[in-house]
>>> print(open('start.cif').read())   # mmCIF, C-alpha atoms
data_work
loop_
_atom_site.label_atom_id
_atom_site.label_comp_id
_atom_site.auth_asym_id
_atom_site.auth_seq_id
_atom_site.Cartn_x
_atom_site.Cartn_y
_atom_site.Cartn_z
CA MET H 36 -25.05 -75.66 -2.26
CA THR H 37 -21.92 -74.87 -4.23
CA ALA H 38 -21.31 -71.19 -4.98
CA PRO H 39 -21.66 -70.35 -8.66
CA VAL H 40 -18.33 -69.71 -10.33
CA GLN H 41 -19.64 -66.58 -11.98
CA ALA H 42 -21.83 -63.65 -11.05
CA LEU H 43 -23.45 -60.72 -12.82
CA VAL H 44 -24.10 -57.48 -10.97
CA LEU H 45 -26.53 -54.99 -12.48
CA PHE H 46 -25.26 -51.66 -11.21
CA ALA H 47 -27.89 -48.92 -11.05
CA HIS H 48 -28.00 -45.41 -9.60
CA GLY H 49 -30.64 -45.84 -6.88
CA ALA H 50 -33.45 -43.42 -5.98
CA ARG H 51 -35.55 -42.32 -3.05
CA ASP H 52 -38.81 -43.72 -4.44
CA ALA H 53 -38.89 -47.51 -3.99
CA ARG H 54 -41.00 -47.88 -7.14
CA TRP H 55 -38.07 -46.58 -9.18
CA ARG H 56 -36.41 -49.97 -8.96
CA GLU H 57 -39.24 -51.98 -10.56
CA PRO H 58 -37.65 -52.26 -14.05
CA PHE H 59 -34.33 -53.21 -12.47
CA ASP H 60 -36.04 -55.97 -10.49
CA ARG H 61 -37.67 -57.22 -13.70
CA LEU H 62 -34.30 -57.13 -15.45
CA GLN H 63 -32.70 -59.09 -12.61
CA GLN H 64 -35.48 -61.69 -12.82
CA LYS H 65 -35.14 -62.04 -16.60
CA LEU H 66 -31.38 -62.56 -16.28
CA ALA H 67 -31.61 -64.95 -13.34
CA ALA H 68 -33.98 -67.07 -15.46
CA ALA H 69 -31.74 -66.87 -18.54
CA LEU H 70 -28.50 -67.65 -16.67
CA PRO H 71 -29.24 -70.44 -14.19
CA GLY H 72 -25.54 -71.04 -13.48
CA CYS H 73 -24.84 -67.40 -12.69
CA ASP H 74 -25.56 -65.42 -9.52
CA VAL H 75 -27.43 -62.34 -10.84
CA ARG H 76 -27.87 -59.40 -8.48
CA LEU H 77 -28.66 -55.73 -8.36
CA ALA H 78 -26.40 -53.20 -6.64
CA PHE H 79 -26.68 -49.45 -6.32
CA LEU H 80 -24.48 -46.38 -6.28
CA GLU H 81 -26.54 -44.68 -3.58
CA LEU H 82 -29.94 -44.44 -1.88
CA MET H 83 -30.82 -48.14 -2.25
CA ALA H 84 -29.41 -51.38 -0.84
CA PRO H 85 -27.20 -53.18 -1.44
CA LEU H 86 -24.52 -50.70 -2.34
CA LEU H 87 -21.97 -52.04 -4.83
CA PRO H 88 -19.17 -52.75 -2.29
CA ASP H 89 -21.63 -54.69 -0.12
CA ALA H 90 -22.87 -56.78 -3.05
CA LEU H 91 -19.31 -57.59 -4.12
CA ALA H 92 -18.30 -58.42 -0.53
CA GLU H 93 -21.18 -60.88 -0.35
CA LEU H 94 -20.16 -62.54 -3.61
CA ALA H 95 -16.56 -62.81 -2.40
CA ALA H 96 -17.76 -64.33 0.89
CA ARG H 97 -19.76 -66.91 -1.08
CA GLY H 98 -16.60 -67.94 -2.89
CA VAL H 99 -17.63 -66.59 -6.30
CA ALA H 100 -14.53 -66.46 -8.52
CA GLU H 101 -15.56 -63.97 -11.18
CA VAL H 102 -18.08 -61.17 -11.47
CA THR H 103 -19.11 -58.91 -14.33
CA VAL H 104 -20.55 -55.53 -13.37
CA VAL H 105 -22.89 -54.02 -15.97
CA PRO H 106 -23.79 -50.36 -15.42
CA VAL H 107 -27.52 -50.02 -16.13
CA PHE H 108 -27.09 -46.37 -17.06
CA PHE H 109 -27.75 -44.70 -20.38
CA GLY H 110 -24.86 -42.29 -20.46
CA GLN H 111 -21.29 -42.59 -19.30
CA GLY H 112 -21.05 -39.49 -17.14
CA GLY H 113 -19.21 -38.88 -13.91
CA HIS H 114 -20.81 -41.82 -12.08
CA ILE H 115 -19.47 -44.28 -14.64
CA ARG H 116 -16.22 -42.55 -15.56
CA ARG H 117 -15.16 -41.60 -12.03
CA ASP H 118 -17.24 -43.06 -9.19
CA LEU H 119 -17.54 -46.62 -10.52
CA PRO H 120 -13.82 -47.21 -11.34
CA ALA H 121 -12.88 -45.87 -7.88
CA LEU H 122 -15.38 -48.23 -6.22
CA LEU H 123 -14.13 -51.19 -8.25
CA ASP H 124 -10.47 -50.47 -7.50
CA GLN H 125 -11.32 -50.35 -3.82
CA CYS H 126 -13.22 -53.67 -4.04
CA ARG H 127 -10.38 -55.34 -5.96
CA GLN H 128 -7.99 -54.45 -3.13
CA VAL H 129 -10.33 -55.78 -0.45
CA HIS H 130 -11.22 -59.00 -2.36
CA PRO H 131 -8.12 -60.07 -4.30
CA GLY H 132 -9.65 -63.52 -4.93
CA LEU H 133 -12.62 -62.10 -6.83
CA ARG H 134 -11.97 -61.22 -10.48
CA ILE H 135 -14.05 -58.12 -11.23
CA HIS H 136 -14.84 -57.17 -14.84
CA CYS H 137 -16.79 -54.12 -15.86
CA ALA H 138 -18.84 -53.64 -19.03
CA ALA H 139 -19.72 -50.37 -20.77
CA ALA H 140 -23.03 -48.79 -19.79
CA VAL H 141 -26.06 -50.41 -21.44
CA GLY H 142 -26.79 -47.15 -23.30
CA GLU H 143 -23.62 -47.81 -25.34
CA SER H 144 -25.35 -50.77 -26.96
CA ASP H 145 -26.83 -50.04 -30.36
CA ALA H 146 -29.38 -52.83 -29.91
CA VAL H 147 -30.57 -51.22 -26.66
CA LEU H 148 -30.90 -47.84 -28.39
CA ASP H 149 -32.80 -49.51 -31.26
CA ALA H 150 -35.26 -51.03 -28.78
CA ILE H 151 -35.73 -47.63 -27.12
CA ALA H 152 -36.24 -46.02 -30.54
CA ALA H 153 -38.89 -48.61 -31.42
CA TYR H 154 -40.66 -47.92 -28.12
CA CYS H 155 -40.62 -44.17 -28.89
CA VAL H 156 -42.08 -44.72 -32.36
CA GLY H 157 -44.82 -46.87 -30.84
CA SER H 158 -45.64 -44.19 -28.28
CA LEU H 159 -46.58 -41.60 -30.91
CA THR H 160 -50.28 -41.04 -31.25
CA GLY H 161 -51.39 -40.98 -34.87
CA ALA H 162 -47.74 -41.65 -35.64
CA PRO H 163 -46.27 -40.77 -39.01
CA ALA H 164 -45.21 -44.06 -40.60
CA ALA H 165 -41.73 -45.10 -39.54
CA THR H 166 -39.35 -45.84 -42.38
CA MET S 147 -40.63 -24.54 -44.44
CA THR S 148 -43.90 -25.73 -42.93
CA ALA S 149 -43.74 -26.74 -39.30
CA PRO S 150 -44.27 -30.47 -38.78
CA VAL S 151 -47.65 -31.30 -37.27
CA GLN S 152 -46.10 -33.61 -34.74
CA ALA S 153 -43.06 -33.69 -32.51
CA LEU S 154 -41.32 -36.17 -30.28
CA VAL S 155 -39.34 -35.00 -27.27
CA LEU S 156 -36.89 -37.41 -25.67
CA PHE S 157 -36.81 -36.28 -22.06
CA ALA S 158 -33.63 -37.17 -20.19
CA HIS S 159 -32.17 -36.28 -16.81
CA GLY S 160 -29.09 -34.30 -17.81
CA ALA S 161 -25.62 -34.49 -16.26
CA ARG S 162 -22.53 -32.37 -15.65
CA ASP S 163 -20.32 -34.40 -17.99
CA ALA S 164 -21.09 -33.48 -21.63
CA ARG S 165 -20.14 -37.00 -22.76
CA TRP S 166 -23.10 -38.34 -20.76
CA ARG S 167 -25.46 -37.27 -23.52
CA GLU S 168 -23.82 -39.28 -26.33
CA PRO S 169 -26.35 -42.15 -26.32
CA PHE S 170 -29.21 -39.64 -26.20
CA ASP S 171 -27.80 -37.85 -29.24
CA ARG S 172 -27.53 -41.19 -31.04
CA LEU S 173 -31.12 -41.99 -30.09
CA GLN S 174 -32.30 -38.61 -31.37
CA GLN S 175 -30.47 -39.19 -34.66
CA LYS S 176 -31.97 -42.68 -35.07
CA LEU S 177 -35.47 -41.33 -34.49
CA ALA S 178 -35.05 -38.26 -36.70
CA ALA S 179 -34.03 -40.64 -39.51
CA ALA S 180 -36.93 -43.02 -38.82
CA LEU S 181 -39.57 -40.28 -38.55
CA PRO S 182 -38.91 -37.74 -41.30
CA GLY S 183 -42.28 -36.02 -40.76
CA CYS S 184 -41.73 -35.56 -37.06
CA ASP S 185 -39.64 -32.97 -35.20
CA VAL S 186 -37.50 -35.12 -32.87
CA ARG S 187 -35.64 -33.35 -30.06
CA LEU S 188 -33.92 -33.92 -26.77
CA ALA S 189 -34.87 -32.02 -23.63
CA PHE S 190 -33.52 -32.26 -20.11
CA LEU S 191 -34.73 -32.04 -16.54
CA GLU S 192 -31.61 -30.24 -15.36
CA LEU S 193 -27.93 -29.51 -16.01
CA MET S 194 -28.20 -29.62 -19.83
CA ALA S 195 -29.93 -27.48 -22.45
CA PRO S 196 -32.61 -27.23 -23.57
CA LEU S 197 -34.69 -27.73 -20.46
CA LEU S 198 -38.10 -29.28 -21.13
CA PRO S 199 -40.14 -26.03 -20.89
CA ASP S 200 -37.76 -24.33 -23.34
CA ALA S 201 -38.01 -27.20 -25.84
CA LEU S 202 -41.81 -27.18 -25.64
CA ALA S 203 -41.95 -23.38 -25.97
CA GLU S 204 -39.87 -23.63 -29.13
CA LEU S 205 -42.18 -26.27 -30.60
CA ALA S 206 -45.23 -24.14 -29.76
CA ALA S 207 -43.56 -21.12 -31.38
CA ARG S 208 -42.95 -23.19 -34.52
CA GLY S 209 -46.67 -23.97 -34.70
CA VAL S 210 -46.33 -27.67 -33.88
CA ALA S 211 -49.79 -29.00 -32.98
CA GLU S 212 -48.96 -32.14 -31.03
CA VAL S 213 -45.99 -33.43 -29.10
CA THR S 214 -45.27 -36.72 -27.38
CA VAL S 215 -42.79 -36.63 -24.52
CA VAL S 216 -40.99 -39.92 -23.88
CA PRO S 217 -39.04 -40.10 -20.62
CA VAL S 218 -35.72 -41.80 -21.38
CA PHE S 219 -35.42 -43.03 -17.83
CA PHE S 220 -35.33 -46.60 -16.58
CA GLY S 221 -37.39 -46.26 -13.43
CA GLN S 222 -40.41 -44.18 -12.62
CA GLY S 223 -39.22 -42.44 -9.48
CA GLY S 224 -39.83 -38.94 -8.23
CA HIS S 225 -38.59 -37.23 -11.41
CA ILE S 226 -41.21 -39.02 -13.51
CA ARG S 227 -44.03 -39.27 -10.97
CA ARG S 228 -43.73 -35.75 -9.57
CA ASP S 229 -41.38 -33.37 -11.41
CA LEU S 230 -42.41 -34.27 -14.97
CA PRO S 231 -46.22 -34.00 -14.52
CA ALA S 232 -45.75 -30.63 -12.79
CA LEU S 233 -43.59 -29.38 -15.67
CA LEU S 234 -46.09 -30.63 -18.25
CA ASP S 235 -49.07 -29.03 -16.47
CA GLN S 236 -47.20 -25.74 -16.42
CA CYS S 237 -46.37 -26.02 -20.15
CA ARG S 238 -49.98 -26.90 -21.03
CA GLN S 239 -51.14 -23.70 -19.35
CA VAL S 240 -48.56 -21.57 -21.14
CA HIS S 241 -49.12 -23.21 -24.57
CA PRO S 242 -52.82 -24.13 -24.81
CA GLY S 243 -52.50 -24.67 -28.59
CA LEU S 244 -49.94 -27.45 -28.17
CA ARG S 245 -51.35 -30.88 -27.32
CA ILE S 246 -48.84 -32.55 -25.00
CA HIS S 247 -48.91 -36.31 -24.51
CA CYS S 248 -46.60 -38.21 -22.20
CA ALA S 249 -45.50 -41.83 -22.51
CA ALA S 250 -44.34 -44.14 -19.72
CA ALA S 251 -40.58 -44.28 -19.11
CA VAL S 252 -38.69 -46.44 -21.60
CA GLY S 253 -37.71 -48.83 -18.78
CA GLU S 254 -41.37 -49.88 -18.60
CA SER S 255 -41.03 -51.49 -22.03
CA ASP S 256 -40.45 -55.23 -21.93
CA ALA S 257 -38.71 -55.09 -25.32
CA VAL S 258 -36.26 -52.51 -23.95
CA LEU S 259 -35.55 -54.69 -20.90
CA ASP S 260 -35.07 -57.71 -23.18
CA ALA S 261 -32.49 -55.78 -25.22
CA ILE S 262 -30.68 -54.76 -22.01
CA ALA S 263 -30.78 -58.37 -20.79
CA ALA S 264 -29.27 -59.56 -24.08
CA TYR S 265 -26.50 -56.96 -23.76
CA CYS S 266 -25.79 -58.16 -20.20
CA VAL S 267 -25.57 -61.81 -21.32
CA GLY S 268 -23.18 -60.77 -24.08
CA SER S 269 -20.99 -58.91 -21.62
CA LEU S 270 -20.21 -61.99 -19.54
CA THR S 271 -16.73 -63.35 -20.09
CA GLY S 272 -16.73 -67.12 -20.49
CA ALA S 273 -20.48 -66.80 -20.10
CA PRO S 274 -22.55 -69.76 -19.02
CA ALA S 275 -24.86 -70.62 -21.92
CA ALA S 276 -28.02 -68.56 -21.90
CA THR S 277 -31.24 -70.53 -22.07
#
>>> encode(input="start.cif", output="structure tokens")
Amino acid sequence: MTAPVQALVLFAHGARDARWREPFDRLQQKLAAALPGCDVRLAFLELMAPLLPDALAELAARGVAEVTVVPVFFGQGGHIRRDLPALLDQCRQVHPGLRIHCAAAVGESDAVLDAIAAYCVGSLTGAPAAT
Amino acid sequence: MTAPVQALVLFAHGARDARWREPFDRLQQKLAAALPGCDVRLAFLELMAPLLPDALAELAARGVAEVTVVPVFFGQGGHIRRDLPALLDQCRQVHPGLRIHCAAAVGESDAVLDAIAAYCVGSLTGAPAAT
């Protein structure tokens, strides 16, 4: 099987409780179905496997040419502003043949916030009518 | 001014970097605009103010009758399965006049995951066509 030219890595924090990752698994499955020509994977900052450098090393070993890392975080705090760029710089040095792009955190997307807002409105019991 | 009958608390983790909360502030603003009859606030588990018990105490003091807490978390790990129910039980005992409901984490919503998936597809450079 030929390696896909492109990959998408969903970068999440990780947690001790294995059930924490369920929505991330669902997201990975949705994207793998939507992007059949793209290698879609999860990777974590800590506490869960694979860690980001391991996921990127595996993509490089498969001969993937280009990868986009999307931080599945709401806010751009220290993990996204400091830890992630340092990890990516390190990976770029180790795998010069792999072009690594990085998107803004998903919480920066207005459409994502709108979907969360709609969920919140729907969660109100005896909700006042939304305008 | 009469206290609103209902409130919505967006419960987030909190972080050291103040910029982390930007999307949560935007979410709060969207919901305050969409729900003019509802007191919409942010509250945090740690590191940022107000903490959840303080936010709920303030709502109780304002005479709010009913509040829905929506965890703005992707996964339901230990913070949502353990810490949050314990906090809510404690608040229910302290404020018996305030009915406190709790929704599932926003990452449980398929519509939220679909919006995140669409953002991820859009972030690919030279993206393979989505199906």
>>> closest_atom_pairs(input="start.cif", of="chain H", to="chain S", cutoff="8 Å", atoms="all atoms listed in the file", output="tab-separated table")
residue	atom	partner	partner_atom	distance
H:Leu43	CA	S:Leu270	CA	7.6
H:Ala50	CA	S:Gly223	CA	6.8
H:Arg51	CA	S:Gly223	CA	7.4
H:Asp52	CA	S:Gly223	CA	5.2
H:Ala53	CA	S:Gly223	CA	7.5
H:Arg54	CA	S:Gly223	CA	6.2
H:Trp55	CA	S:Gly223	CA	4.3
H:Arg56	CA	S:Gly221	CA	5.9
H:Glu57	CA	S:Gly221	CA	6.7
H:Pro58	CA	S:Gly253	CA	5.8
H:Phe59	CA	S:Gly221	CA	7.7
H:Arg61	CA	S:Leu259	CA	7.9
H:Leu62	CA	S:Leu259	CA	6.1
H:Lys65	CA	S:Ala263	CA	7.1
H:Leu66	CA	S:Ala263	CA	6.2
H:Ala68	CA	S:Thr277	CA	7.9
H:Ala69	CA	S:Thr277	CA	5.1
H:Leu70	CA	S:Ala276	CA	5.3
H:Gly72	CA	S:Pro274	CA	6.4
H:Cys73	CA	S:Pro274	CA	7.1
H:Thr103	CA	S:Leu270	CA	6.2
H:Val105	CA	S:Cys266	CA	6.6
H:Phe109	CA	S:Pro169	CA	6.6
H:Gly110	CA	S:Trp166	CA	4.3
H:Gln111	CA	S:Trp166	CA	4.8
H:Gly112	CA	S:Trp166	CA	4.3
H:Gly113	CA	S:Asp163	CA	6.2
H:Ala138	CA	S:Ser269	CA	6.3
H:Val141	CA	S:Ile262	CA	6.4
H:Gly142	CA	S:Pro169	CA	5.9
H:Glu143	CA	S:Pro169	CA	6.4
H:Ser144	CA	S:Tyr265	CA	7.1
H:Ala146	CA	S:Ala261	CA	6.4
H:Val147	CA	S:Ala261	CA	5.2
H:Leu148	CA	S:Leu173	CA	6.1
H:Asp149	CA	S:Leu173	CA	7.8
H:Ala150	CA	S:Val258	CA	5.1
H:Ile151	CA	S:Val258	CA	5.8
H:Ala152	CA	S:Leu177	CA	6.2
H:Tyr154	CA	S:Val252	CA	7.0
H:Cys155	CA	S:Val216	CA	6.6
H:Val156	CA	S:Leu177	CA	7.7
H:Ser158	CA	S:Ala249	CA	6.2
H:Leu159	CA	S:Thr214	CA	6.2
H:Thr160	CA	S:Thr214	CA	7.7
H:Pro163	CA	S:Gly183	CA	6.4
H:Ala164	CA	S:Leu181	CA	7.1
H:Ala165	CA	S:Ala180	CA	5.3
H:Thr166	CA	S:Ala180	CA	5.1
>>> resolve_selection(input="start.cif", expression="the PyMOL selection byres ((chain S and resi 191) around 7)", output="ChimeraX atom specification")
/S:158-160,190,192,197-198
>>> atom_distance(input="start.cif", atom1="atom CA of H:Arg76", atom2="atom CA of H:Pro131")
20.2 Å
>>> resolve_selection(input="start.cif", expression="the PyMOL selection byres ((chain H and resi 89) around 12)", output="number ranges by chain")
H: 44, 76-81, 83-88, 90-96, 122-123, 125-126, 129-130
>>> atom_distance(input="start.cif", atom1="atom CA of S:Phe157", atom2="atom CA of H:Leu119")
24.7 Å
>>> atom_distance(input="start.cif", atom1="atom CA of S:Leu193", atom2="atom CA of H:Asp124")
28.6 Å
